[in-house]
$ cat target20.tsv   # TSV, C-alpha atoms
chain	number	residue	atom	x	y	z
C	59	MET	CA	67.02	-57.72	11.39
C	60	ALA	CA	68.65	-55.95	8.42
C	61	LYS	CA	67.06	-52.79	7.10
C	62	GLN	CA	64.90	-53.05	3.99
C	63	SER	CA	66.60	-51.05	1.25
C	64	LEU	CA	64.85	-49.48	-1.73
C	65	TRP	CA	66.46	-47.74	-4.72
C	66	LEU	CA	64.51	-44.93	-6.43
C	67	ARG	CA	65.79	-44.72	-9.99
C	68	CYS	CA	65.60	-41.77	-12.33
C	69	GLU	CA	63.07	-41.67	-15.17
C	70	LYS	CA	64.49	-41.79	-18.70
C	71	LYS	CA	61.27	-41.08	-20.57
C	72	PRO	CA	61.38	-37.53	-21.99
C	73	PHE	CA	59.24	-35.00	-20.09
C	74	GLU	CA	58.51	-37.49	-17.28
C	75	ARG	CA	58.73	-35.48	-14.06
C	76	ARG	CA	56.71	-37.71	-11.73
C	77	THR	CA	58.14	-40.14	-9.20
C	78	ALA	CA	56.94	-43.26	-7.40
C	79	ILE	CA	58.34	-42.10	-4.06
C	80	THR	CA	58.02	-38.47	-2.98
C	81	PRO	CA	60.04	-36.97	-0.12
C	82	THR	CA	56.91	-37.20	2.03
C	83	THR	CA	56.61	-40.96	1.46
C	84	ALA	CA	60.37	-41.50	1.69
C	85	LYS	CA	60.36	-39.92	5.17
C	86	LYS	CA	57.62	-42.30	6.33
C	87	LEU	CA	59.54	-45.29	4.96
C	88	ILE	CA	62.74	-44.18	6.71
C	89	ASP	CA	60.82	-43.72	9.95
C	90	ALA	CA	59.63	-47.33	9.52
C	91	GLY	CA	63.23	-48.57	9.26
C	92	PHE	CA	63.84	-48.46	5.49
C	93	GLU	CA	67.06	-47.34	3.84
C	94	ILE	CA	66.24	-45.26	0.74
C	95	PHE	CA	68.68	-44.61	-2.09
C	96	VAL	CA	67.68	-41.88	-4.54
C	97	GLU	CA	69.31	-41.31	-7.92
C	98	ARG	CA	70.06	-37.70	-8.70
C	99	ASP	CA	67.61	-36.50	-11.32
C	100	SER	CA	67.21	-32.93	-12.56
C	101	GLN	CA	64.06	-33.91	-14.48
C	102	ARG	CA	62.17	-35.03	-11.36
C	103	ILE	CA	59.68	-32.48	-9.97
C	104	PHE	CA	61.19	-32.86	-6.49
C	105	LYS	CA	64.72	-31.59	-5.97
C	106	ASP	CA	67.50	-33.94	-4.89
C	107	GLU	CA	68.01	-31.80	-1.81
C	108	GLU	CA	64.45	-32.49	-0.66
C	109	TYR	CA	65.29	-36.19	-0.41
C	110	GLU	CA	68.69	-35.63	1.15
C	111	ALA	CA	67.17	-33.39	3.83
C	112	ILE	CA	64.93	-36.17	5.16
C	113	GLY	CA	67.64	-38.82	5.27
C	114	CYS	CA	67.76	-40.44	1.83
C	115	LYS	CA	71.15	-41.39	0.39
C	116	LEU	CA	71.78	-39.70	-2.95
C	117	VAL	CA	73.49	-41.78	-5.65
C	118	GLU	CA	74.57	-41.05	-9.19
C	119	HIS	CA	72.04	-40.57	-11.99
C	120	ASN	CA	70.99	-43.81	-13.70
C	121	SER	CA	73.36	-45.91	-11.61
C	122	TRP	CA	70.84	-48.62	-10.68
C	123	PRO	CA	72.44	-51.30	-12.93
C	124	ASN	CA	75.37	-51.27	-10.50
C	125	ALA	CA	73.23	-51.40	-7.36
C	126	PRO	CA	73.55	-54.46	-5.11
C	127	ARG	CA	71.36	-57.22	-6.53
C	128	ASP	CA	69.37	-57.61	-3.33
C	129	ILE	CA	68.02	-54.02	-3.39
C	130	PRO	CA	64.67	-53.61	-5.22
C	131	ILE	CA	64.67	-50.88	-7.87
C	132	ILE	CA	61.54	-48.72	-8.01
C	133	GLY	CA	60.54	-46.35	-10.80
C	134	LEU	CA	57.46	-45.38	-12.76
C	135	LYS	CA	57.71	-45.76	-16.50
C	136	GLU	CA	59.19	-48.63	-18.46
C	137	LEU	CA	62.96	-48.92	-18.89
C	138	PRO	CA	64.56	-47.89	-22.20
C	139	GLU	CA	64.54	-50.67	-24.81
C	140	SER	CA	67.50	-53.00	-24.47
C	141	ASP	CA	68.48	-56.66	-24.57
C	142	GLU	CA	70.50	-56.40	-21.36
C	143	PRO	CA	69.52	-59.02	-18.75
C	144	LEU	CA	67.75	-57.72	-15.64
C	145	PRO	CA	68.99	-59.39	-12.44
C	146	HIS	CA	67.32	-57.02	-9.95
C	147	THR	CA	63.80	-56.91	-8.57
C	148	HIS	CA	61.99	-54.05	-10.35
C	149	ILE	CA	58.83	-52.25	-9.23
C	150	GLN	CA	57.41	-50.20	-12.13
C	151	PHE	CA	54.81	-49.90	-14.86
C	152	ALA	CA	56.19	-52.27	-17.49
C	153	HIS	CA	53.27	-52.37	-19.98
C	154	CYS	CA	54.00	-55.95	-21.02
C	155	TYR	CA	51.22	-58.11	-19.53
C	156	LYS	CA	48.55	-57.50	-22.18
C	157	GLN	CA	50.63	-58.46	-25.23
C	158	GLN	CA	51.50	-54.88	-26.07
C	159	GLY	CA	54.12	-54.36	-28.76
C	160	GLY	CA	57.43	-55.92	-27.67
C	161	TRP	CA	55.94	-57.47	-24.51
C	162	SER	CA	57.80	-60.76	-24.70
C	163	LYS	CA	61.17	-59.08	-25.29
C	164	VAL	CA	60.70	-57.00	-22.14
C	165	LEU	CA	59.98	-60.07	-20.04
C	166	ALA	CA	62.78	-62.03	-21.71
C	167	ARG	CA	65.24	-59.63	-20.08
C	168	PHE	CA	64.06	-60.82	-16.66
C	169	HIS	CA	64.35	-64.43	-17.77
C	170	ARG	CA	67.95	-63.95	-18.87
C	171	GLY	CA	68.93	-62.00	-15.77
C	172	GLY	CA	66.96	-63.92	-13.16
C	173	GLY	CA	65.23	-60.76	-11.90
C	174	THR	CA	61.66	-60.22	-10.80
C	175	LEU	CA	59.04	-57.70	-11.92
C	176	TYR	CA	56.33	-56.34	-9.65
C	177	ASP	CA	54.19	-54.39	-12.10
C	178	LEU	CA	52.56	-51.40	-10.40
C	179	GLU	CA	49.51	-51.79	-12.61
C	180	PHE	CA	48.82	-55.17	-11.01
C	181	LEU	CA	49.37	-54.47	-7.33
C	182	ASN	CA	45.79	-55.07	-6.20
C	183	ASP	CA	43.90	-54.90	-2.93
C	184	GLU	CA	41.76	-57.76	-1.61
C	185	ASN	CA	38.89	-56.62	-3.88
C	186	GLY	CA	41.01	-56.70	-7.03
C	187	ARG	CA	41.27	-52.91	-7.22
C	188	ARG	CA	44.65	-51.32	-7.82
C	189	VAL	CA	46.28	-50.13	-4.61
C	190	ALA	CA	47.70	-47.07	-6.35
C	191	ALA	CA	46.88	-45.49	-9.68
C	192	PHE	CA	47.35	-42.25	-11.57
C	193	GLY	CA	43.89	-42.66	-13.07
C	194	TYR	CA	42.29	-39.48	-11.74
C	195	HIS	CA	45.12	-37.22	-12.86
C	196	ALA	CA	45.41	-39.07	-16.19
C	197	GLY	CA	41.77	-38.29	-16.96
C	198	PHE	CA	42.05	-34.72	-15.67
C	199	ALA	CA	45.15	-33.99	-17.73
C	200	GLY	CA	43.75	-35.86	-20.73
C	201	SER	CA	40.69	-33.64	-20.88
C	202	ALA	CA	42.93	-30.59	-20.55
C	203	ALA	CA	45.10	-31.76	-23.45
C	204	GLY	CA	41.98	-32.45	-25.51
C	205	ALA	CA	40.59	-28.97	-24.85
C	206	LEU	CA	43.94	-27.40	-25.76
C	207	ALA	CA	44.06	-29.43	-28.98
C	208	TYR	CA	40.53	-28.32	-29.82
C	209	ALA	CA	41.39	-24.66	-29.17
C	210	ALA	CA	44.46	-24.88	-31.38
C	211	GLN	CA	42.49	-26.57	-34.15
C	212	GLN	CA	39.90	-23.79	-34.05
C	213	ARG	CA	42.74	-21.33	-34.69
C	214	GLY	CA	43.89	-23.37	-37.66
C	215	VAL	CA	47.07	-24.72	-36.11
C	216	GLU	CA	48.39	-27.92	-34.58
C	217	LEU	CA	48.82	-28.03	-30.81
C	218	GLY	CA	52.40	-27.28	-29.88
C	219	GLN	CA	54.59	-28.72	-27.12
C	220	LEU	CA	52.88	-29.27	-23.79
C	221	GLU	CA	54.59	-28.13	-20.59
C	222	PRO	CA	53.76	-29.33	-17.04
C	223	TYR	CA	51.65	-27.02	-14.89
C	224	GLU	CA	52.68	-26.00	-11.39
C	225	ASN	CA	49.29	-27.04	-10.01
C	226	GLU	CA	45.67	-27.80	-10.88
C	227	THR	CA	44.56	-24.17	-10.67
C	228	ALA	CA	47.22	-23.10	-13.17
C	229	MET	CA	46.10	-25.84	-15.56
C	230	ILE	CA	42.43	-24.85	-15.37
C	231	GLU	CA	43.17	-21.18	-15.94
C	232	GLY	CA	45.55	-21.99	-18.80
C	233	VAL	CA	42.99	-24.13	-20.60
C	234	LYS	CA	40.20	-21.59	-20.12
C	235	LYS	CA	42.41	-18.86	-21.55
C	236	GLU	CA	43.13	-20.89	-24.70
C	237	LEU	CA	39.39	-21.48	-25.12
C	238	GLY	CA	38.69	-17.77	-24.97
C	239	GLY	CA	37.72	-17.70	-21.31
C	240	SER	CA	35.54	-20.77	-20.86
C	241	GLY	CA	34.58	-24.18	-22.24
C	242	LYS	CA	30.87	-23.35	-22.12
C	243	ASN	CA	30.37	-23.98	-25.84
C	244	LEU	CA	31.92	-27.46	-25.82
C	245	LYS	CA	30.05	-30.74	-25.95
C	246	VAL	CA	32.08	-33.73	-24.73
C	247	LEU	CA	31.76	-37.46	-24.16
C	248	VAL	CA	33.70	-39.48	-21.59
C	249	ILE	CA	33.59	-43.29	-21.79
C	250	GLY	CA	34.61	-44.97	-18.55
C	251	ALA	CA	33.13	-42.06	-16.63
C	252	LEU	CA	32.50	-44.00	-13.41
C	253	GLY	CA	36.15	-44.96	-12.86
C	254	ARG	CA	38.97	-42.93	-11.36
C	255	CYS	CA	40.21	-41.84	-14.77
C	256	GLY	CA	36.74	-40.92	-15.97
C	257	ASN	CA	36.04	-38.94	-12.81
C	258	GLY	CA	39.14	-36.89	-13.46
C	259	ALA	CA	38.17	-36.28	-17.08
C	260	VAL	CA	34.67	-35.13	-16.10
C	261	ASP	CA	36.00	-32.89	-13.31
C	262	LEU	CA	38.32	-30.99	-15.66
C	263	PHE	CA	35.49	-30.30	-18.09
C	264	ARG	CA	33.31	-29.03	-15.24
C	265	LYS	CA	36.06	-26.78	-13.95
C	266	ILE	CA	36.67	-25.14	-17.33
C	267	GLY	CA	32.98	-24.32	-17.63
C	268	VAL	CA	31.45	-27.04	-19.81
C	269	ARG	CA	27.72	-27.22	-19.05
C	270	GLU	CA	26.71	-30.34	-17.13
C	271	ASP	CA	24.18	-31.40	-19.78
C	272	ASN	CA	26.94	-31.17	-22.40
C	273	ILE	CA	29.16	-33.64	-20.53
C	274	LEU	CA	27.99	-37.08	-21.64
C	275	LYS	CA	29.08	-39.65	-19.06
C	276	TRP	CA	29.14	-43.20	-20.36
C	277	ASP	CA	30.22	-46.40	-18.69
C	278	MET	CA	29.53	-50.12	-19.11
C	279	ALA	CA	25.74	-49.74	-19.26
C	280	GLU	CA	25.91	-47.32	-22.19
C	281	THR	CA	28.49	-49.36	-24.13
C	282	ALA	CA	26.91	-52.77	-23.47
C	283	LYS	CA	25.20	-52.83	-26.88
C	284	GLY	CA	28.60	-52.71	-28.59
C	285	GLY	CA	30.11	-50.14	-30.91
C	286	PRO	CA	30.77	-48.34	-33.12
C	287	PHE	CA	28.78	-45.46	-31.61
C	288	GLN	CA	27.25	-42.63	-33.62
C	289	GLU	CA	27.08	-40.50	-30.46
C	290	ILE	CA	30.87	-40.10	-30.48
C	291	LEU	CA	30.67	-38.28	-33.80
C	292	ASP	CA	28.17	-35.79	-32.36
C	293	VAL	CA	30.46	-34.19	-29.75
C	294	ASP	CA	33.50	-31.91	-30.00
C	295	ILE	CA	35.83	-33.97	-27.81
C	296	PHE	CA	35.72	-37.69	-26.99
C	297	VAL	CA	37.81	-38.98	-24.07
C	298	ASN	CA	38.39	-42.73	-23.70
C	299	CYS	CA	39.08	-43.76	-20.10
C	300	ILE	CA	38.24	-47.46	-20.10
C	301	TYR	CA	40.39	-50.25	-18.70
C	302	LEU	CA	40.66	-52.79	-21.52
C	303	SER	CA	40.67	-56.30	-20.08
C	304	LYS	CA	39.20	-58.28	-22.97
C	305	PRO	CA	38.36	-57.86	-26.68
C	306	ILE	CA	35.41	-55.54	-27.34
C	307	PRO	CA	33.87	-54.06	-30.51
C	308	PRO	CA	35.50	-50.79	-31.55
C	309	PHE	CA	34.01	-47.54	-30.29
C	310	LEU	CA	34.96	-45.66	-33.44
C	311	THR	CA	36.24	-46.67	-36.87
C	312	LYS	CA	37.80	-44.94	-39.88
C	313	GLU	CA	34.92	-46.11	-42.05
C	314	GLN	CA	32.40	-44.56	-39.67
C	315	ILE	CA	34.32	-41.27	-39.69
C	316	ALA	CA	34.55	-41.19	-43.49
C	317	ALA	CA	30.85	-42.00	-43.86
C	318	ALA	CA	29.91	-39.08	-41.59
C	319	GLY	CA	31.54	-36.66	-44.01
C	320	LYS	CA	31.02	-32.98	-43.32
C	321	SER	CA	28.28	-33.66	-40.78
C	322	ARG	CA	30.80	-34.88	-38.20
C	323	ARG	CA	31.09	-32.61	-35.16
C	324	LEU	CA	33.91	-34.60	-33.51
C	325	ARG	CA	37.27	-32.82	-33.74
C	326	VAL	CA	39.48	-34.33	-31.02
C	327	VAL	CA	39.83	-37.84	-29.57
C	328	VAL	CA	41.79	-38.26	-26.35
C	329	ASP	CA	42.78	-41.88	-25.77
C	330	VAL	CA	43.84	-41.77	-22.13
C	331	SER	CA	43.82	-45.56	-22.01
C	332	CYS	CA	46.48	-45.66	-24.75
C	333	ASP	CA	46.06	-49.26	-25.83
C	334	THR	CA	47.79	-48.23	-29.05
C	335	THR	CA	49.66	-51.48	-29.69
C	336	ASN	CA	47.03	-53.73	-28.12
C	337	PRO	CA	45.50	-55.94	-30.82
C	338	HIS	CA	42.07	-55.16	-29.36
C	339	ASN	CA	42.44	-51.36	-29.27
C	340	PRO	CA	38.82	-50.05	-29.31
C	341	ILE	CA	39.85	-46.89	-31.16
C	342	PRO	CA	41.59	-48.26	-34.27
C	343	ILE	CA	41.83	-44.90	-36.04
C	344	TYR	CA	45.51	-44.27	-35.22
C	345	ASN	CA	48.57	-46.40	-34.52
C	346	ILE	CA	51.17	-44.32	-32.67
C	347	ASN	CA	51.52	-42.79	-29.23
C	348	THR	CA	51.88	-39.04	-29.30
C	349	THR	CA	54.31	-37.13	-27.08
C	350	PHE	CA	54.55	-33.91	-25.12
C	351	SER	CA	56.59	-32.39	-27.95
C	352	LYS	CA	54.04	-33.55	-30.58
C	353	PRO	CA	50.78	-34.02	-28.64
C	354	THR	CA	48.47	-34.83	-31.56
C	355	VAL	CA	48.37	-37.02	-34.62
C	356	PRO	CA	45.92	-36.32	-37.48
C	357	VAL	CA	43.42	-39.01	-38.43
C	358	GLU	CA	42.89	-39.92	-42.06
C	359	VAL	CA	39.23	-39.09	-42.69
C	360	GLY	CA	39.07	-39.37	-46.46
C	361	SER	CA	39.49	-35.66	-47.13
C	362	VAL	CA	39.77	-32.74	-44.73
C	363	ASP	CA	39.59	-28.98	-44.82
C	364	VAL	CA	42.94	-27.38	-45.44
C	365	PHE	CA	44.56	-25.50	-42.56
C	366	PRO	CA	47.62	-23.95	-44.26
C	367	MET	CA	49.30	-23.13	-40.94
C	368	ALA	CA	48.81	-26.70	-39.74
C	369	ILE	CA	50.43	-28.08	-42.90
C	370	SER	CA	53.42	-25.80	-42.52
C	371	CYS	CA	53.83	-27.00	-38.93
C	372	ARG	CA	53.55	-30.69	-39.82
C	373	ALA	CA	55.67	-31.48	-42.85
C	374	ASP	CA	55.60	-35.14	-41.79
C	375	VAL	CA	51.85	-35.39	-42.45
C	376	PRO	CA	50.85	-36.88	-45.85
C	377	SER	CA	49.12	-34.37	-48.12
C	378	ASP	CA	46.05	-36.58	-48.53
C	379	PHE	CA	45.17	-35.82	-44.90
C	380	TYR	CA	44.55	-32.22	-45.93
C	381	SER	CA	42.68	-32.37	-49.24
C	382	ALA	CA	39.50	-30.30	-49.44
C	383	GLY	CA	36.34	-31.75	-47.95
C	384	ASN	CA	35.71	-33.17	-44.47
C	385	PRO	CA	36.66	-31.41	-41.23
C	386	PRO	CA	39.92	-32.40	-39.47
C	387	LEU	CA	40.22	-34.85	-36.61
C	388	SER	CA	43.14	-35.21	-34.20
C	389	VAL	CA	44.07	-37.82	-31.60
C	390	VAL	CA	45.92	-37.21	-28.33
C	391	SER	CA	47.51	-40.50	-27.22
C	392	ILE	CA	50.17	-39.56	-24.67
C	393	ASP	CA	50.84	-42.48	-22.34
C	394	HIS	CA	52.01	-40.46	-19.33
C	395	LEU	CA	49.50	-37.62	-19.18
C	396	PRO	CA	49.60	-37.20	-15.36
C	397	THR	CA	53.06	-35.66	-15.68
C	398	LEU	CA	51.24	-32.49	-16.77
C	399	LEU	CA	50.54	-32.21	-13.00
C	400	PRO	CA	53.69	-33.93	-11.70
C	401	ARG	CA	53.74	-32.79	-8.09
C	402	GLU	CA	50.07	-33.42	-7.25
C	403	ALA	CA	49.95	-36.68	-9.18
C	404	SER	CA	53.11	-38.00	-7.53
C	405	GLU	CA	51.98	-37.13	-4.01
C	406	GLN	CA	48.62	-38.84	-4.49
C	407	PHE	CA	50.11	-41.98	-6.05
C	408	SER	CA	52.98	-42.30	-3.60
C	409	ALA	CA	50.68	-41.93	-0.58
C	410	ALA	CA	48.40	-44.68	-1.94
C	411	LEU	CA	51.39	-46.97	-2.58
C	412	LEU	CA	52.89	-46.48	0.90
C	413	PRO	CA	50.94	-49.22	2.77
C	414	SER	CA	52.08	-51.80	0.21
C	415	LEU	CA	55.69	-50.58	0.33
C	416	LEU	CA	55.66	-50.96	4.10
C	417	GLU	CA	54.91	-54.67	3.50
C	418	LEU	CA	57.85	-55.06	1.12
C	419	PRO	CA	60.09	-56.72	3.75
C	420	ASN	CA	57.48	-59.49	3.92
C	421	ARG	CA	56.90	-59.74	0.19
C	422	LYS	CA	57.22	-63.54	0.19
C	423	THR	CA	54.11	-63.77	2.38
C	424	ALA	CA	52.26	-60.43	2.02
C	425	ARG	CA	49.25	-61.00	-0.25
C	426	VAL	CA	49.69	-57.94	-2.50
C	427	TRP	CA	53.28	-58.89	-3.37
C	428	VAL	CA	52.68	-62.64	-3.58
C	429	GLU	CA	49.86	-62.18	-6.09
C	430	ALA	CA	51.94	-59.74	-8.14
C	431	GLU	CA	54.85	-62.17	-8.27
C	432	ASN	CA	52.59	-65.08	-9.22
C	433	LEU	CA	51.24	-63.03	-12.13
C	434	PHE	CA	54.78	-62.18	-13.18
C	435	ARG	CA	55.75	-65.87	-13.19
C	436	GLN	CA	52.72	-66.66	-15.35
C	437	LYS	CA	53.49	-63.92	-17.86
C	438	LEU	CA	57.18	-64.82	-17.85
C	439	GLU	CA	56.34	-68.37	-18.84
C	440	GLU	CA	54.22	-67.08	-21.72
C	441	ALA	CA	57.05	-64.81	-22.85
C	442	VAL	CA	59.63	-67.59	-22.73
C	443	LYS	CA	57.42	-69.65	-25.04
C	444	ALA	CA	56.82	-66.70	-27.36
C	445	GLU	CA	60.55	-65.98	-27.60
C	446	GLY	CA	61.50	-69.66	-27.94
C	447	LEU	CA	63.89	-69.48	-25.00
$ encode --input "target20.tsv" --output "structure tokens"
Amino acid sequence: MAKQSLWLRCEKKPFERRTAITPTTAKKLIDAGFEIFVERDSQRIFKDEEYEAIGCKLVEHNSWPNAPRDIPIIGLKELPESDEPLPHTHIQFAHCYKQQGGWSKVLARFHRGGGTLYDLEFLNDENGRRVAAFGYHAGFAGSAAGALAYAAQQRGVELGQLEPYENETAMIEGVKKELGGSGKNLKVLVIGALGRCGNGAVDLFRKIGVREDNILKWDMAETAKGGPFQEILDVDIFVNCIYLSKPIPPFLTKEQIAAAGKSRRLRVVVDVSCDTTNPHNPIPIYNINTTFSKPTVPVEVGSVDVFPMAISCRADVPSDFYSAGNPPLSVVSIDHLPTLLPREASEQFSAALLPSLLELPNRKTARVWVEAENLFRQKLEEAVKAEGL
């Protein structure tokens, strides 16, 4: 029987240092009879030599388009925008199954090339739970980014470029330092607190010193009545960690923010879920994803107190965001937050994905892969209709 090959591609998204397959997981796959090709990538948290040392075959950076068509290509984040057909089998987060912006164009590339997509977000176990997810580290890093944004705002400046931390301890100490030693004076709200993402968000707040009674933990029971929710306006930082599977009333609106005026305590919203282009986004107060180089976007709140240093840092921000009156409000909406802890997040995700990868040679009969391919075929059909192909 021929060896199962797998091609680990580089990540082209700026600042993305995570990987779907770590050297630890690659070694276990090789021991199970796999042949692993790894693209050279200086951005990846793991060095090329770490892969080579355990038996992976190094190939040129971003050379996957020329890989043999029968070798599945695995990566994390979506491919750069293009109209080029995709003839390979791809395993990745594609962000195109919930009618996000450009969803049908992404899937149309597979239609034209005859390739297949196994979306990592929809590889589920027998209970419908994702086999591997970055949720915990997304929430953990999201709370950290929110606390950093809050600390910067209190100094009258916009949060500057975020850099990955070597480990969790370094992140906690870095955040505490920016807050003046502790987060004990913060009041925060996490929605989706019972999930993996929410657990991570709550844990970070605990570890930087936020008092337990000042960490409001909401989940489906608390949001069942439907938003908008006044309680969000009464905390310093709000972190959204929900998984959006159907339309729901908004949690927070621009009108609600404007009506609160100067009484609003809320200063930072962290949208870890990042359903920015989803037509049912429950936080319709912003419309762009932020980045590691520009982590926050200001929210139009009618009129806000002037922070001269912030204005000088953000010449792209309309002046009406900074007229005298209401306090400022910023949103963090980075869609790959776990890369703030790239090594730990990658190891956890890759280990969870391993059992499914070991079934890849039997993907035409193995439940996890069969269900993922069936979903792809369904979404592909919808995209073909939407594109008129």
$ atom_distance --input "target20.tsv" --atom1 "CA of Leu415 (chain C)" --atom2 "CA of Glu439 (chain C)"
26.2 Å
$ closest_residue --input "target20.tsv" --among "C:Leu220, C:Ala228, C:Cys332, C:Ile300" --to "Ser351 (chain C)" --atoms "only C-alpha atoms"
C:Leu220
$ residues_around --input "target20.tsv" --residues "region 103-120 of chain C" --least-positions-apart "6" --cutoff "10 Å" --atoms "all atoms listed in the file" --output "count of residues only"
32
$ closest_residue --input "target20.tsv" --among "C:Ile315, C:Val246, C:Ile346, C:Ala152" --to "Ala205 (chain C)" --atoms "only C-alpha atoms"
C:Val246
$ closest_residue --input "target20.tsv" --among "C:Ala125, C:Leu175, C:Val355, C:Leu412" --to "Arg435 (chain C)" --atoms "all atoms listed in the file"
C:Leu175
$ atom_distance --input "target20.tsv" --atom1 "CA of Arg322 (chain C)" --atom2 "CA of Ala196 (chain C)"
26.7 Å
$ atom_distance --input "target20.tsv" --atom1 "CA of Gly91 (chain C)" --atom2 "CA of Leu178 (chain C)"
22.5 Å
$ build_atoms --input "target20.tsv" --residues "region 319-332 of chain C" --atoms "N, CA, C and O atoms" --output "PDB file, keeping the file's coordinate frame"
ATOM      1  N   GLY C 319      31.260 -37.808 -43.143  1.00  0.00           N
ATOM      2  CA  GLY C 319      31.540 -36.660 -44.010  1.00  0.00           C
ATOM      3  C   GLY C 319      31.577 -35.343 -43.274  1.00  0.00           C
ATOM      4  O   GLY C 319      32.086 -35.237 -42.165  1.00  0.00           O
ATOM      5  N   LYS C 320      30.980 -34.334 -43.887  1.00  0.00           N
ATOM      6  CA  LYS C 320      31.020 -32.980 -43.320  1.00  0.00           C
ATOM      7  C   LYS C 320      30.084 -32.810 -42.127  1.00  0.00           C
ATOM      8  O   LYS C 320      30.156 -31.798 -41.427  1.00  0.00           O
ATOM      9  N   SER C 321      29.223 -33.786 -41.887  1.00  0.00           N
ATOM     10  CA  SER C 321      28.280 -33.660 -40.780  1.00  0.00           C
ATOM     11  C   SER C 321      28.922 -33.978 -39.428  1.00  0.00           C
ATOM     12  O   SER C 321      28.313 -33.765 -38.383  1.00  0.00           O
ATOM     13  N   ARG C 322      30.139 -34.477 -39.448  1.00  0.00           N
ATOM     14  CA  ARG C 322      30.800 -34.880 -38.200  1.00  0.00           C
ATOM     15  C   ARG C 322      31.164 -33.659 -37.356  1.00  0.00           C
ATOM     16  O   ARG C 322      31.866 -32.761 -37.799  1.00  0.00           O
ATOM     17  N   ARG C 323      30.727 -33.680 -36.093  1.00  0.00           N
ATOM     18  CA  ARG C 323      31.090 -32.610 -35.160  1.00  0.00           C
ATOM     19  C   ARG C 323      32.426 -32.914 -34.462  1.00  0.00           C
ATOM     20  O   ARG C 323      33.171 -32.001 -34.110  1.00  0.00           O
ATOM     21  N   LEU C 324      32.715 -34.179 -34.244  1.00  0.00           N
ATOM     22  CA  LEU C 324      33.910 -34.600 -33.510  1.00  0.00           C
ATOM     23  C   LEU C 324      35.179 -34.010 -34.136  1.00  0.00           C
ATOM     24  O   LEU C 324      35.403 -34.117 -35.330  1.00  0.00           O
ATOM     25  N   ARG C 325      36.016 -33.420 -33.274  1.00  0.00           N
ATOM     26  CA  ARG C 325      37.270 -32.820 -33.740  1.00  0.00           C
ATOM     27  C   ARG C 325      38.497 -33.389 -33.034  1.00  0.00           C
ATOM     28  O   ARG C 325      39.587 -33.398 -33.599  1.00  0.00           O
ATOM     29  N   VAL C 326      38.320 -33.840 -31.785  1.00  0.00           N
ATOM     30  CA  VAL C 326      39.480 -34.330 -31.020  1.00  0.00           C
ATOM     31  C   VAL C 326      39.092 -35.608 -30.263  1.00  0.00           C
ATOM     32  O   VAL C 326      38.040 -35.661 -29.625  1.00  0.00           O
ATOM     33  N   VAL C 327      39.950 -36.616 -30.355  1.00  0.00           N
ATOM     34  CA  VAL C 327      39.830 -37.840 -29.570  1.00  0.00           C
ATOM     35  C   VAL C 327      41.015 -37.890 -28.613  1.00  0.00           C
ATOM     36  O   VAL C 327      42.166 -37.732 -29.038  1.00  0.00           O
ATOM     37  N   VAL C 328      40.731 -38.080 -27.337  1.00  0.00           N
ATOM     38  CA  VAL C 328      41.790 -38.260 -26.350  1.00  0.00           C
ATOM     39  C   VAL C 328      41.741 -39.702 -25.858  1.00  0.00           C
ATOM     40  O   VAL C 328      40.775 -40.101 -25.204  1.00  0.00           O
ATOM     41  N   ASP C 329      42.754 -40.480 -26.196  1.00  0.00           N
ATOM     42  CA  ASP C 329      42.780 -41.880 -25.770  1.00  0.00           C
ATOM     43  C   ASP C 329      43.674 -41.989 -24.535  1.00  0.00           C
ATOM     44  O   ASP C 329      44.858 -42.305 -24.620  1.00  0.00           O
ATOM     45  N   VAL C 330      43.083 -41.698 -23.381  1.00  0.00           N
ATOM     46  CA  VAL C 330      43.840 -41.770 -22.130  1.00  0.00           C
ATOM     47  C   VAL C 330      44.296 -43.198 -21.876  1.00  0.00           C
ATOM     48  O   VAL C 330      45.397 -43.430 -21.363  1.00  0.00           O
ATOM     49  N   SER C 331      43.482 -44.160 -22.245  1.00  0.00           N
ATOM     50  CA  SER C 331      43.820 -45.560 -22.010  1.00  0.00           C
ATOM     51  C   SER C 331      45.053 -45.994 -22.785  1.00  0.00           C
ATOM     52  O   SER C 331      45.803 -46.869 -22.343  1.00  0.00           O
ATOM     53  N   CYS C 332      45.259 -45.429 -23.946  1.00  0.00           N
ATOM     54  CA  CYS C 332      46.480 -45.660 -24.750  1.00  0.00           C
ATOM     55  C   CYS C 332      46.787 -47.132 -24.978  1.00  0.00           C
ATOM     56  O   CYS C 332      47.906 -47.582 -24.727  1.00  0.00           O
TER      57      CYS C 332
END
